[in-house]
>>> print(open('structure_1.cif').read())   # mmCIF, C-alpha atoms
data_my_file
loop_
_atom_site.label_atom_id
_atom_site.label_comp_id
_atom_site.auth_asym_id
_atom_site.auth_seq_id
_atom_site.Cartn_x
_atom_site.Cartn_y
_atom_site.Cartn_z
CA MET A 3 41.23 0.48 -65.87
CA THR A 4 43.84 2.84 -67.34
CA GLU A 5 43.74 5.41 -70.12
CA ASP A 6 46.68 3.69 -71.82
CA PHE A 7 44.60 0.54 -72.15
CA LEU A 8 41.70 2.51 -73.57
CA TYR A 9 44.04 4.01 -76.18
CA TYR A 10 45.09 0.47 -77.08
CA ILE A 11 41.49 -0.73 -77.38
CA TRP A 12 40.61 2.22 -79.58
CA GLN A 13 43.70 2.09 -81.80
CA TYR A 14 43.21 -1.60 -82.62
CA ARG A 15 39.38 -1.45 -82.87
CA LEU A 16 38.94 -4.01 -80.08
CA ILE A 17 35.37 -2.86 -79.50
CA ASN A 18 32.10 -4.71 -80.03
CA PRO A 19 30.64 -3.66 -83.42
CA ASP A 20 27.16 -2.76 -82.15
CA ILE A 21 27.81 0.41 -80.18
CA GLU A 22 25.78 3.46 -79.30
CA THR A 23 26.35 6.79 -77.61
CA GLN A 24 24.89 7.27 -74.14
CA ALA A 25 22.05 9.10 -75.93
CA GLY A 26 21.23 5.91 -77.91
CA GLU A 27 22.58 6.94 -81.33
CA LEU A 28 24.35 4.26 -83.40
CA ILE A 29 28.09 4.74 -83.91
CA HIS A 30 30.01 3.58 -86.97
CA LEU A 31 33.81 3.89 -86.69
CA ILE A 32 35.23 4.81 -90.10
CA ASP A 33 38.73 5.98 -89.14
CA MET A 34 40.08 5.85 -85.57
CA GLY A 35 42.43 8.81 -86.24
CA GLN A 36 46.10 9.23 -85.36
CA ARG A 37 47.40 8.87 -81.83
CA ASN A 38 48.60 12.15 -80.34
CA ASP A 39 51.51 11.86 -77.90
CA GLY A 40 51.65 15.60 -77.24
CA SER A 41 49.20 18.06 -75.74
CA GLY A 42 45.61 18.18 -76.94
CA PRO A 43 43.04 15.46 -77.70
CA ASP A 44 44.22 11.84 -77.68
CA PHE A 45 43.40 11.03 -81.33
CA PHE A 46 43.46 13.48 -84.23
CA ASN A 47 41.49 13.42 -87.49
CA ALA A 48 39.07 10.63 -86.71
CA ARG A 49 36.02 9.97 -88.92
CA ILE A 50 32.91 8.71 -87.19
CA ARG A 51 29.26 8.36 -88.19
CA ILE A 52 26.91 9.10 -85.32
CA GLY A 53 23.32 8.39 -86.25
CA ILE A 54 23.01 9.62 -89.87
CA THR A 55 25.72 12.30 -89.59
CA GLU A 56 29.38 11.74 -90.44
CA TRP A 57 31.82 13.71 -88.31
CA ALA A 58 35.52 14.48 -88.78
CA GLY A 59 37.53 15.68 -85.81
CA ASN A 60 39.27 14.63 -82.62
CA VAL A 61 38.59 12.00 -79.98
CA GLU A 62 39.33 12.35 -76.28
CA MET A 63 39.55 9.38 -73.91
CA HIS A 64 39.22 9.04 -70.13
CA VAL A 65 38.56 6.33 -67.59
CA LYS A 66 35.62 8.39 -66.30
CA SER A 67 33.93 11.17 -68.23
CA SER A 68 34.31 13.46 -65.18
CA ASP A 69 38.08 13.31 -65.76
CA TRP A 70 37.37 15.96 -68.40
CA PHE A 71 37.09 18.48 -65.58
CA ARG A 72 39.84 16.92 -63.49
CA HIS A 73 42.20 17.54 -66.44
CA LYS A 74 40.73 21.05 -66.92
CA HIS A 75 39.86 20.49 -70.59
CA GLU A 76 36.92 22.89 -70.29
CA LYS A 77 39.51 25.69 -70.08
CA ASP A 78 41.49 24.57 -73.12
CA SER A 79 40.30 25.56 -76.62
CA ASN A 80 42.24 22.61 -78.11
CA TYR A 81 39.35 20.40 -76.97
CA ASP A 82 36.61 22.39 -78.71
CA SER A 83 36.99 20.14 -81.77
CA VAL A 84 36.30 16.86 -79.92
CA ILE A 85 33.58 14.93 -81.76
CA LEU A 86 33.43 11.92 -79.43
CA HIS A 87 34.27 11.37 -75.76
CA VAL A 88 35.32 7.73 -75.27
CA VAL A 89 35.32 6.56 -71.64
CA TYR A 90 35.19 3.37 -69.62
CA GLU A 91 32.51 4.83 -67.38
CA CYS A 92 30.26 7.72 -68.29
CA ASP A 93 29.48 9.28 -64.90
CA ILE A 94 28.65 12.77 -66.20
CA GLN A 95 27.70 14.32 -69.53
CA ILE A 96 30.19 16.83 -70.97
CA ARG A 97 29.34 19.95 -72.97
CA ASN A 98 31.66 21.87 -75.30
CA ALA A 99 32.38 25.60 -75.48
CA THR A 100 29.09 26.25 -77.35
CA ASP A 101 27.14 24.35 -74.67
CA GLU A 102 26.42 21.39 -76.93
CA GLU A 103 26.64 17.87 -75.53
CA ILE A 104 29.72 15.95 -76.70
CA PRO A 105 28.58 12.44 -77.69
CA CYS A 106 29.88 9.94 -75.14
CA LEU A 107 30.78 6.30 -75.84
CA GLU A 108 31.00 4.15 -72.72
CA LEU A 109 33.22 1.10 -73.26
CA ARG A 110 32.25 -0.81 -70.12
CA GLY A 111 30.54 -3.97 -71.29
CA LYS A 112 31.58 -3.35 -74.90
CA ILE A 113 35.13 -4.77 -74.74
CA ASP A 114 36.63 -8.15 -73.91
CA GLU A 115 37.59 -7.78 -70.24
CA LYS A 116 40.00 -10.74 -70.59
CA LEU A 117 42.31 -8.46 -72.57
CA TYR A 118 42.62 -6.14 -69.60
CA PHE A 119 43.13 -9.08 -67.24
CA ARG A 120 46.06 -10.34 -69.37
CA TYR A 121 47.51 -6.85 -69.55
CA ARG A 122 47.37 -6.43 -65.77
CA ASN A 123 49.01 -9.84 -65.34
CA LEU A 124 51.86 -8.73 -67.55
CA LEU A 125 52.40 -5.56 -65.55
CA ALA A 126 52.27 -7.49 -62.27
CA ASN A 127 55.18 -9.76 -63.25
CA ARG A 128 58.38 -8.84 -61.42
CA ASP A 129 60.80 -10.64 -63.74
CA TRP A 130 63.56 -8.64 -65.47
CA ILE A 131 61.08 -8.07 -68.33
CA ALA A 132 57.34 -8.41 -67.89
CA CYS A 133 56.83 -11.05 -70.58
CA ALA A 134 59.82 -13.25 -69.67
CA PRO A 135 57.79 -16.36 -68.64
CA GLN A 136 55.66 -16.19 -71.81
CA LEU A 137 58.22 -15.08 -74.36
CA ASN A 138 58.77 -18.54 -75.83
CA ALA A 139 55.07 -18.62 -76.82
CA VAL A 140 55.57 -15.80 -79.34
CA PRO A 141 56.32 -17.02 -82.90
CA ASP A 142 59.69 -16.11 -84.42
CA LEU A 143 57.93 -14.29 -87.25
CA ILE A 144 56.40 -11.86 -84.75
CA LEU A 145 59.64 -11.51 -82.76
CA TYR A 146 62.01 -10.81 -85.61
CA SER A 147 59.60 -8.65 -87.60
CA TRP A 148 59.30 -6.50 -84.49
CA LEU A 149 63.09 -6.35 -84.14
CA ASP A 150 63.30 -5.01 -87.70
CA ARG A 151 60.90 -2.23 -86.72
CA LEU A 152 62.86 -1.47 -83.55
CA LEU A 153 66.13 -1.18 -85.47
CA ALA A 154 64.55 1.48 -87.69
CA GLU A 155 63.35 3.30 -84.56
CA ARG A 156 66.86 3.20 -83.09
CA LEU A 157 68.46 4.60 -86.23
CA GLU A 158 65.84 7.34 -86.44
CA ARG A 159 66.59 8.28 -82.84
CA LYS A 160 70.34 8.30 -83.48
CA SER A 161 69.75 10.58 -86.43
CA ASP A 162 69.01 13.43 -84.00
CA TYR A 163 72.61 13.73 -82.80
CA ILE A 164 73.91 13.41 -86.37
CA GLU A 165 71.59 16.18 -87.49
CA ALA A 166 73.00 18.27 -84.61
CA PHE A 167 76.54 17.66 -85.90
CA LEU A 168 75.43 18.63 -89.40
CA GLN A 169 73.83 21.84 -88.15
CA SER A 170 76.92 22.85 -86.15
CA SER A 171 79.01 22.15 -89.27
CA ASN A 172 76.90 24.52 -91.39
CA GLY A 173 75.72 21.63 -93.52
CA ASN A 174 79.22 20.29 -94.27
CA TRP A 175 78.86 16.49 -94.27
CA GLU A 176 82.59 15.74 -94.09
CA THR A 177 83.03 17.97 -91.04
CA ALA A 178 79.95 16.52 -89.34
CA PHE A 179 81.31 13.03 -89.98
CA TYR A 180 84.69 14.07 -88.55
CA TYR A 181 82.99 15.22 -85.32
CA ALA A 182 80.84 12.10 -85.03
CA LEU A 183 83.72 9.75 -85.76
CA ALA A 184 85.99 11.48 -83.25
CA ARG A 185 83.32 11.18 -80.56
CA ASN A 186 83.06 7.45 -81.26
CA PHE A 187 86.84 7.05 -80.92
CA GLY A 188 86.32 8.04 -77.28
CA PHE A 189 84.30 4.83 -76.78
CA ASN A 190 81.84 6.27 -74.22
CA VAL A 191 84.33 7.00 -71.42
CA ASN A 192 86.23 9.63 -73.42
CA SER A 193 83.63 10.52 -76.02
CA GLU A 194 83.11 14.08 -74.75
CA PRO A 195 86.80 15.15 -74.70
CA PHE A 196 87.35 13.42 -78.05
CA GLU A 197 84.57 15.47 -79.60
CA GLN A 198 85.98 18.64 -78.03
CA LEU A 199 89.38 17.72 -79.48
CA ALA A 200 87.91 17.41 -82.98
CA ARG A 201 86.05 20.70 -82.67
CA SER A 202 89.24 22.44 -81.51
CA ILE A 203 91.01 21.61 -84.81
CA PRO A 204 89.22 22.62 -88.01
CA LEU A 205 89.22 19.78 -90.51
CA ASP A 206 90.85 21.97 -93.14
CA VAL A 207 93.83 22.51 -90.79
CA LEU A 208 94.34 18.75 -90.62
CA ALA A 209 93.90 18.55 -94.39
CA LYS A 210 96.68 21.09 -94.96
CA ASN A 211 99.06 18.92 -92.92
CA ARG A 212 97.96 15.53 -94.19
CA ASP A 213 101.29 15.00 -95.95
CA SER A 214 102.88 14.23 -92.56
CA LEU A 215 101.63 11.81 -89.90
CA PHE A 216 103.99 13.51 -87.44
CA LYS A 217 102.32 16.90 -87.97
CA ILE A 218 98.87 15.39 -87.51
CA GLU A 219 99.99 13.72 -84.29
CA ALA A 220 101.50 17.01 -83.10
CA LEU A 221 98.19 18.79 -83.77
CA LEU A 222 96.01 16.15 -82.12
CA PHE A 223 98.19 15.49 -79.08
CA GLY A 224 98.94 19.17 -78.64
CA GLN A 225 95.28 20.12 -78.79
CA SER A 226 94.45 17.27 -76.40
CA GLY A 227 96.50 18.96 -73.69
CA MET A 228 98.61 15.84 -73.15
CA LEU A 229 101.89 17.49 -74.21
CA ASN A 230 103.60 19.27 -71.33
CA SER A 231 107.04 20.41 -70.17
CA ARG A 232 107.53 17.38 -67.93
CA LEU A 233 107.93 15.09 -70.94
CA LYS A 234 111.64 14.59 -71.62
CA ASP A 235 111.91 11.76 -74.15
CA LYS A 236 113.04 12.68 -77.65
CA TYR A 237 109.75 11.97 -79.46
CA SER A 238 107.67 13.95 -76.98
CA GLN A 239 110.06 16.89 -77.22
CA LYS A 240 109.84 16.86 -81.01
CA LEU A 241 106.03 16.78 -80.85
CA ILE A 242 105.98 19.71 -78.43
CA ALA A 243 108.22 21.79 -80.68
CA GLU A 244 106.15 21.01 -83.78
CA TYR A 245 102.90 21.69 -81.98
CA GLU A 246 104.09 25.07 -80.72
CA PHE A 247 104.84 26.10 -84.30
CA LEU A 248 101.47 24.84 -85.61
CA ARG A 249 99.54 26.28 -82.67
CA LYS A 250 100.83 29.78 -83.41
CA LYS A 251 100.40 29.34 -87.15
CA TYR A 252 96.72 28.40 -86.89
CA ASP A 253 95.91 30.30 -83.68
CA LEU A 254 94.80 27.16 -81.83
CA GLU A 255 93.84 26.68 -78.20
CA SER A 256 94.06 23.23 -76.60
CA ILE A 257 91.39 21.58 -74.48
CA ALA A 258 91.99 20.78 -70.79
CA ALA A 259 94.05 17.62 -70.25
CA TYR A 260 92.23 16.70 -67.02
CA GLN A 261 89.14 15.68 -69.01
CA TRP A 262 90.79 12.53 -70.34
CA LYS A 263 90.09 9.39 -68.34
CA PHE A 264 92.66 6.61 -68.03
CA MET A 265 91.55 4.86 -64.84
CA ARG A 266 89.79 1.50 -65.09
CA LEU A 267 90.54 1.31 -68.82
CA ARG A 268 92.55 -1.42 -70.44
CA PRO A 269 95.84 0.08 -71.66
CA GLY A 270 94.85 -0.62 -75.28
CA ASN A 271 91.87 1.69 -74.77
CA PHE A 272 93.86 4.56 -73.28
CA PRO A 273 92.91 7.85 -74.97
CA SER A 274 96.55 8.34 -75.96
CA ILE A 275 96.40 5.13 -78.04
CA ARG A 276 93.04 6.06 -79.54
CA ILE A 277 94.34 9.51 -80.52
CA ALA A 278 97.37 7.90 -82.21
CA GLN A 279 95.03 5.59 -84.15
CA PHE A 280 92.75 8.51 -85.03
CA ALA A 281 95.81 10.37 -86.35
CA GLN A 282 96.57 7.39 -88.58
CA LEU A 283 93.00 7.47 -89.92
CA ILE A 284 93.24 11.20 -90.73
CA PHE A 285 96.64 10.69 -92.35
CA LYS A 286 95.59 7.84 -94.67
CA SER A 287 92.09 9.00 -95.60
CA THR A 288 91.09 12.13 -97.48
CA HIS A 289 87.36 12.84 -97.95
CA LEU A 290 86.62 9.76 -95.85
CA LEU A 291 82.83 10.07 -95.87
CA SER A 292 82.75 10.32 -99.67
CA LYS A 293 84.79 7.11 -99.89
CA ILE A 294 82.64 5.28 -97.36
CA VAL A 295 79.45 6.27 -99.20
CA LYS A 296 80.84 4.58 -102.32
CA THR A 297 81.97 1.45 -100.45
CA GLU A 298 79.74 -1.52 -101.21
CA LYS A 299 81.36 -4.35 -99.25
CA LEU A 300 81.89 -4.63 -95.51
CA SER A 301 85.38 -6.04 -96.08
CA GLN A 302 86.29 -2.89 -98.03
CA LEU A 303 84.87 -0.71 -95.26
CA LYS A 304 87.05 -2.48 -92.70
CA GLU A 305 90.16 -1.61 -94.66
CA PHE A 306 89.74 2.08 -93.83
CA PHE A 307 89.97 1.20 -90.13
CA GLN A 308 92.93 -1.14 -90.19
CA LEU A 309 94.78 1.38 -88.07
CA GLU A 310 98.14 1.01 -86.40
CA ALA A 311 99.53 3.62 -84.00
CA SER A 312 102.93 5.06 -84.97
CA GLU A 313 106.22 3.48 -83.90
CA TYR A 314 106.56 5.39 -80.61
CA TRP A 315 103.41 3.72 -79.31
CA THR A 316 104.78 0.22 -79.88
CA GLU A 317 106.64 0.66 -76.57
CA HIS A 318 104.26 3.12 -74.89
CA TYR A 319 100.66 3.35 -73.71
CA SER A 320 101.09 6.90 -72.46
CA PHE A 321 103.72 9.61 -72.91
CA GLY A 322 107.06 9.09 -71.23
CA LYS A 323 106.36 5.64 -69.77
CA LYS A 324 107.92 2.68 -71.54
CA SER A 325 106.04 -0.60 -71.71
CA LYS A 326 106.46 -4.06 -73.18
CA SER A 327 106.73 -3.89 -76.96
CA LYS A 328 103.40 -4.42 -78.71
CA VAL A 329 102.00 -3.00 -81.94
CA LYS A 330 98.82 -1.02 -81.15
CA ARG A 331 96.35 -2.02 -83.87
CA MET A 332 92.66 -1.30 -83.77
CA GLY A 333 90.88 -4.57 -83.10
CA GLU A 334 87.85 -6.00 -84.84
CA SER A 335 85.63 -5.40 -81.81
CA SER A 336 86.57 -1.69 -81.85
CA PHE A 337 85.74 -1.47 -85.54
CA ASP A 338 82.39 -3.14 -84.89
CA LEU A 339 81.54 -0.49 -82.30
CA ILE A 340 82.47 2.29 -84.72
CA LEU A 341 80.37 0.65 -87.44
CA ILE A 342 77.37 0.23 -85.14
CA ASN A 343 77.49 3.62 -83.45
CA THR A 344 78.74 5.94 -86.20
CA LEU A 345 79.18 4.51 -89.69
CA VAL A 346 75.77 2.90 -90.13
CA PRO A 347 73.75 5.67 -88.41
CA PHE A 348 75.62 8.31 -90.43
CA LEU A 349 75.08 6.48 -93.72
CA PHE A 350 71.42 6.02 -92.79
CA VAL A 351 70.94 9.77 -92.24
CA TYR A 352 72.97 10.69 -95.32
CA ALA A 353 70.88 8.28 -97.43
CA ASN A 354 67.67 9.82 -96.11
CA HIS A 355 68.89 13.30 -97.04
CA GLN A 356 69.90 12.13 -100.49
CA LYS A 357 66.75 9.98 -100.87
CA ASP A 358 69.07 7.07 -101.70
CA GLY A 359 67.24 3.85 -100.83
CA GLU A 360 70.08 1.68 -102.09
CA LEU A 361 72.57 3.31 -99.71
CA ARG A 362 70.13 2.98 -96.81
CA ASP A 363 69.68 -0.73 -97.51
CA ARG A 364 73.45 -1.16 -97.78
CA ALA A 365 73.94 0.46 -94.37
CA LEU A 366 71.39 -1.89 -92.81
CA ASN A 367 73.06 -4.81 -94.56
CA PHE A 368 76.41 -3.86 -93.00
CA LEU A 369 74.78 -4.30 -89.59
CA SER A 370 73.26 -7.63 -90.58
CA GLN A 371 76.74 -8.87 -91.58
CA THR A 372 78.27 -7.83 -88.24
CA LYS A 373 78.39 -10.03 -85.15
CA ALA A 374 75.84 -9.37 -82.44
CA GLU A 375 77.04 -7.38 -79.45
CA GLN A 376 77.67 -9.39 -76.30
CA ASN A 377 76.43 -7.20 -73.48
CA SER A 378 74.34 -8.02 -70.42
CA ILE A 379 71.02 -7.10 -72.08
CA VAL A 380 71.63 -9.20 -75.19
CA LYS A 381 72.75 -12.14 -73.05
CA ARG A 382 69.68 -11.85 -70.83
CA TYR A 383 67.34 -11.86 -73.81
CA ARG A 384 69.11 -14.96 -75.14
CA GLU A 385 68.52 -16.74 -71.81
CA THR A 386 64.86 -15.69 -71.99
CA GLY A 387 64.31 -16.91 -75.54
CA ILE A 388 65.35 -14.25 -78.07
CA THR A 389 68.70 -14.77 -79.78
CA ALA A 390 70.36 -11.90 -81.63
CA ASN A 391 71.96 -13.35 -84.75
CA ASN A 392 73.72 -10.15 -85.79
CA ALA A 393 74.36 -6.55 -84.77
CA ALA A 394 71.11 -5.37 -86.36
CA GLN A 395 69.17 -7.59 -83.99
CA SER A 396 71.31 -6.84 -80.93
CA GLN A 397 70.77 -3.10 -81.53
CA ALA A 398 67.04 -3.75 -81.78
CA LEU A 399 67.08 -5.66 -78.49
CA LEU A 400 68.72 -2.70 -76.76
CA THR A 401 65.86 -0.51 -78.00
CA LEU A 402 63.31 -3.09 -76.86
CA LYS A 403 64.72 -3.05 -73.32
CA GLU A 404 65.49 0.67 -73.06
CA ASP A 405 62.33 2.06 -74.68
CA TYR A 406 59.67 -0.58 -74.07
CA CYS A 407 60.41 -3.22 -71.40
CA LYS A 408 61.95 -0.71 -68.99
CA TYR A 409 58.78 1.40 -69.00
CA LEU A 410 56.30 -1.51 -69.28
CA LYS A 411 55.06 -0.26 -72.64
CA CYS A 412 53.60 -3.68 -73.43
CA LEU A 413 50.62 -2.15 -75.22
CA ASP A 414 52.94 -0.50 -77.76
CA CYS A 415 55.05 -3.63 -78.26
CA ALA A 416 54.25 -6.31 -80.86
CA ILE A 417 55.31 -9.00 -78.37
CA GLY A 418 53.07 -7.63 -75.62
CA ASN A 419 50.26 -7.15 -78.13
CA ARG A 420 50.50 -10.81 -79.14
CA LEU A 421 50.43 -12.03 -75.56
CA ILE A 422 47.51 -9.79 -74.57
CA ARG A 423 45.36 -10.72 -77.55
CA LYS A 424 46.46 -14.39 -77.63
CA GLN A 425 46.15 -14.41 -81.44
#
>>> encode(input="structure_1.cif", output="structure tokens")
Amino acid sequence: MTEDFLYYIWQYRLINPDIETQAGELIHLIDMGQRNDGSGPDFFNARIRIGITEWAGNVEMHVKSSDWFRHKHEKDSNYDSVILHVVYECDIQIRNATDEEIPCLELRGKIDEKLYFRYRNLLANRDWIACAPQLNAVPDLILYSWLDRLLAERLERKSDYIEAFLQSSNGNWETAFYYALARNFGFNVNSEPFEQLARSIPLDVLAKNRDSLFKIEALLFGQSGMLNSRLKDKYSQKLIAEYEFLRKKYDLESIAAYQWKFMRLRPGNFPSIRIAQFAQLIFKSTHLLSKIVKTEKLSQLKEFFQLEASEYWTEHYSFGKKSKSKVKRMGESSFDLILINTLVPFLFVYANHQKDGELRDRALNFLSQTKAEQNSIVKRYRETGITANNAAQSQALLTLKEDYCKYLKCLDCAIGNRLIRKQ
């Protein structure tokens, strides 16, 4: 028996109705309380009638009642408010700080042991996810309702880093969006230097030079550290000269060039190309977040990101090295990643701040209209029996694997719950 399973039994009231304390007093469970994942008793604010007295307080759970001392609860005042000690085996009676006995409910013989047997079978499976052999027995209604819940969890979790951007921007939404968007343009491998690049150039400096794409490129490439004296072609030399003027004008300091990663990247994903495309976005879009907030159709949203690097990059992937001529446009897959990782999470957080349910629903709808990601986790779930029909569902599957399946949190998962209870 495990404490986690006892929490599950308690939370879902999977206990025989006729129950008594070890002292023989009848127990009526009015409210099981709220699960506490932090320090202190396991369930807060429960309401329980013991005998003829109704109690309100906290519930603590252990496999054996003697675990109370093993966990040193007798030395912690947080446990003075415990009104019921729920255990699988009551091997010792516990008293509180005022030397009164804490009523003890022993669950052995009062629960369906088959539930625990199914749970242990799940945990014993060594497949890539515990429920893989049984997954096709779970109805689609359960599966996809759970995915909706997981998507909300994922967006709430992503809101933490957006809130951090907002805080570092002193509450300026446009600046926070600029930081978040720049980080996404790094596409994981170069996300950190891209964010540093954005933070090294105040957004108002870019705004003052938005009349010229060349000036914006000079600022971004100069601050990136990629411009150096070894570059001899005409365009590079012009950028260097312009950057030197702007650097002194705005008292700027570039980031270290060594941070940028080129190895094992496709040339189209080189940071030099992404910076050129980011420059195009800055050049063509003023108050971008404000415009995106007002955008109602996904097709209109895509128009903001139809980005094409400037002419120099048609024959270059990096400074000073000519390549076969090819226009460097941002592809649909790149836009999808920006939508999934920045646009929708940012709109979701902004909508929550503004208490704008319509905007929140629109952000979720953008995900539902976007193709599902094709990564190893999504493909594996498809082989097992769950198909992601759109990006909303593929994002949910990533959360399912990363936050639940990986840690065998079957008791907290609607799919595991279904399989354990065989409803």
>>> residues_around(input="structure_1.cif", residues="stretch 189-206 of chain A", least_positions_apart="5", cutoff="6 Å", atoms="all atoms listed in the file", output="list in words")
Tyr181, Ala184 and Ser226 of chain A
>>> write_last_selection(input="structure_1.cif", atoms="C-alpha atoms", output="PDB file, keeping the file's coordinate frame")
ATOM      1  CA  TYR A 181      82.990  15.220 -85.320  1.00  0.00           C
ATOM      2  CA  ALA A 184      85.990  11.480 -83.250  1.00  0.00           C
ATOM      3  CA  SER A 226      94.450  17.270 -76.400  1.00  0.00           C
TER       4      SER A 226
END
>>> resolve_selection(input="structure_1.cif", expression="the PyMOL selection byres ((chain A and resi 30) around 6)", output="PDB file with C-alpha atoms, keeping the file's coordinate frame")
ATOM      1  CA  ILE A  29      28.090   4.740 -83.910  1.00  0.00           C
ATOM      2  CA  LEU A  31      33.810   3.890 -86.690  1.00  0.00           C
ATOM      3  CA  ILE A  50      32.910   8.710 -87.190  1.00  0.00           C
ATOM      4  CA  ARG A  51      29.260   8.360 -88.190  1.00  0.00           C
TER       5      ARG A  51
END
>>> closest_residue(input="structure_1.cif", among="A:Val89, A:Ala58, A:Ala126, A:Ala139", to="A:Thr386", atoms="only C-alpha atoms")
A:Ala139
>>> atom_distance(input="structure_1.cif", atom1="atom CA of A:Leu137", atom2="atom CA of A:Leu402")
13.3 Å
>>> residues_around(input="structure_1.cif", residues="A:Ile32", least_positions_apart="5", cutoff="12 Å", atoms="all atoms listed in the file", output="list in words")
Arg15, Pro19, Asn47, Ala48, Arg49, Ile50, Arg51, Ile52, Glu56, Trp57, Ala58 and Gly59 of chain A
>>> atom_distance(input="structure_1.cif", atom1="atom CA of A:Thr23", atom2="atom CA of A:Asn419")
27.7 Å
>>> atom_distance(input="structure_1.cif", atom1="atom CA of A:Met3", atom2="atom CA of A:Asp93")
14.7 Å
>>> residues_around(input="structure_1.cif", residues="A:Trp70", least_positions_apart="5", cutoff="12 Å", atoms="all atoms listed in the file", output="PyMOL selection string")
chain A and resi 43+62-65+75-78+81+84+87-89+92-98+104+106
>>> closest_residue(input="structure_1.cif", among="A:Gln397, A:Asn392, A:Ser170, A:Gln136", to="A:Arg420", atoms="only C-alpha atoms")
A:Gln136
>>> decode(input="structure_1.cif", residues="stretch 80-91 of chain A", atoms="N, CA and C atoms", output="mmCIF file, in the first residue's frame")
data_model
loop_
_atom_site.group_PDB
_atom_site.id
_atom_site.type_symbol
_atom_site.label_atom_id
_atom_site.label_comp_id
_atom_site.auth_asym_id
_atom_site.auth_seq_id
_atom_site.Cartn_x
_atom_site.Cartn_y
_atom_site.Cartn_z
ATOM 1 N N ASN A 80 1.762 22.516 12.697
ATOM 2 C CA ASN A 80 0.818 22.498 11.577
ATOM 3 C C ASN A 80 -0.164 21.335 11.685
ATOM 4 N N TYR A 81 0.196 20.310 12.466
ATOM 5 C CA TYR A 81 -0.651 19.116 12.562
ATOM 6 C C TYR A 81 -1.558 19.132 13.783
ATOM 7 N N ASP A 82 -1.536 20.259 14.530
ATOM 8 C CA ASP A 82 -2.409 20.345 15.703
ATOM 9 C C ASP A 82 -3.878 20.424 15.328
ATOM 10 N N SER A 83 -4.160 20.826 14.061
ATOM 11 C CA SER A 83 -5.551 20.994 13.634
ATOM 12 C C SER A 83 -6.121 19.755 12.940
ATOM 13 N N VAL A 84 -5.409 18.632 12.987
ATOM 14 C CA VAL A 84 -5.900 17.405 12.347
ATOM 15 C C VAL A 84 -7.102 16.875 13.104
ATOM 16 N N ILE A 85 -8.212 16.659 12.375
ATOM 17 C CA ILE A 85 -9.443 16.161 13.011
ATOM 18 C C ILE A 85 -9.655 14.668 12.773
ATOM 19 N N LEU A 86 -8.913 14.103 11.793
ATOM 20 C CA LEU A 86 -9.047 12.677 11.523
ATOM 21 C C LEU A 86 -7.740 12.159 10.933
ATOM 22 N N HIS A 87 -7.292 11.025 11.470
ATOM 23 C CA HIS A 87 -6.087 10.356 10.981
ATOM 24 C C HIS A 87 -6.549 9.144 10.164
ATOM 25 N N VAL A 88 -6.347 9.202 8.839
ATOM 26 C CA VAL A 88 -6.804 8.133 7.949
ATOM 27 C C VAL A 88 -5.599 7.272 7.579
ATOM 28 N N VAL A 89 -5.684 5.977 7.874
ATOM 29 C CA VAL A 89 -4.548 5.080 7.660
ATOM 30 C C VAL A 89 -5.032 3.771 7.047
ATOM 31 N N TYR A 90 -4.102 3.037 6.473
ATOM 32 C CA TYR A 90 -4.456 1.686 6.012
ATOM 33 C C TYR A 90 -4.441 0.721 7.187
ATOM 34 N N GLU A 91 -3.487 0.934 8.081
ATOM 35 C CA GLU A 91 -3.378 0.066 9.264
ATOM 36 C C GLU A 91 -3.136 0.923 10.496
#
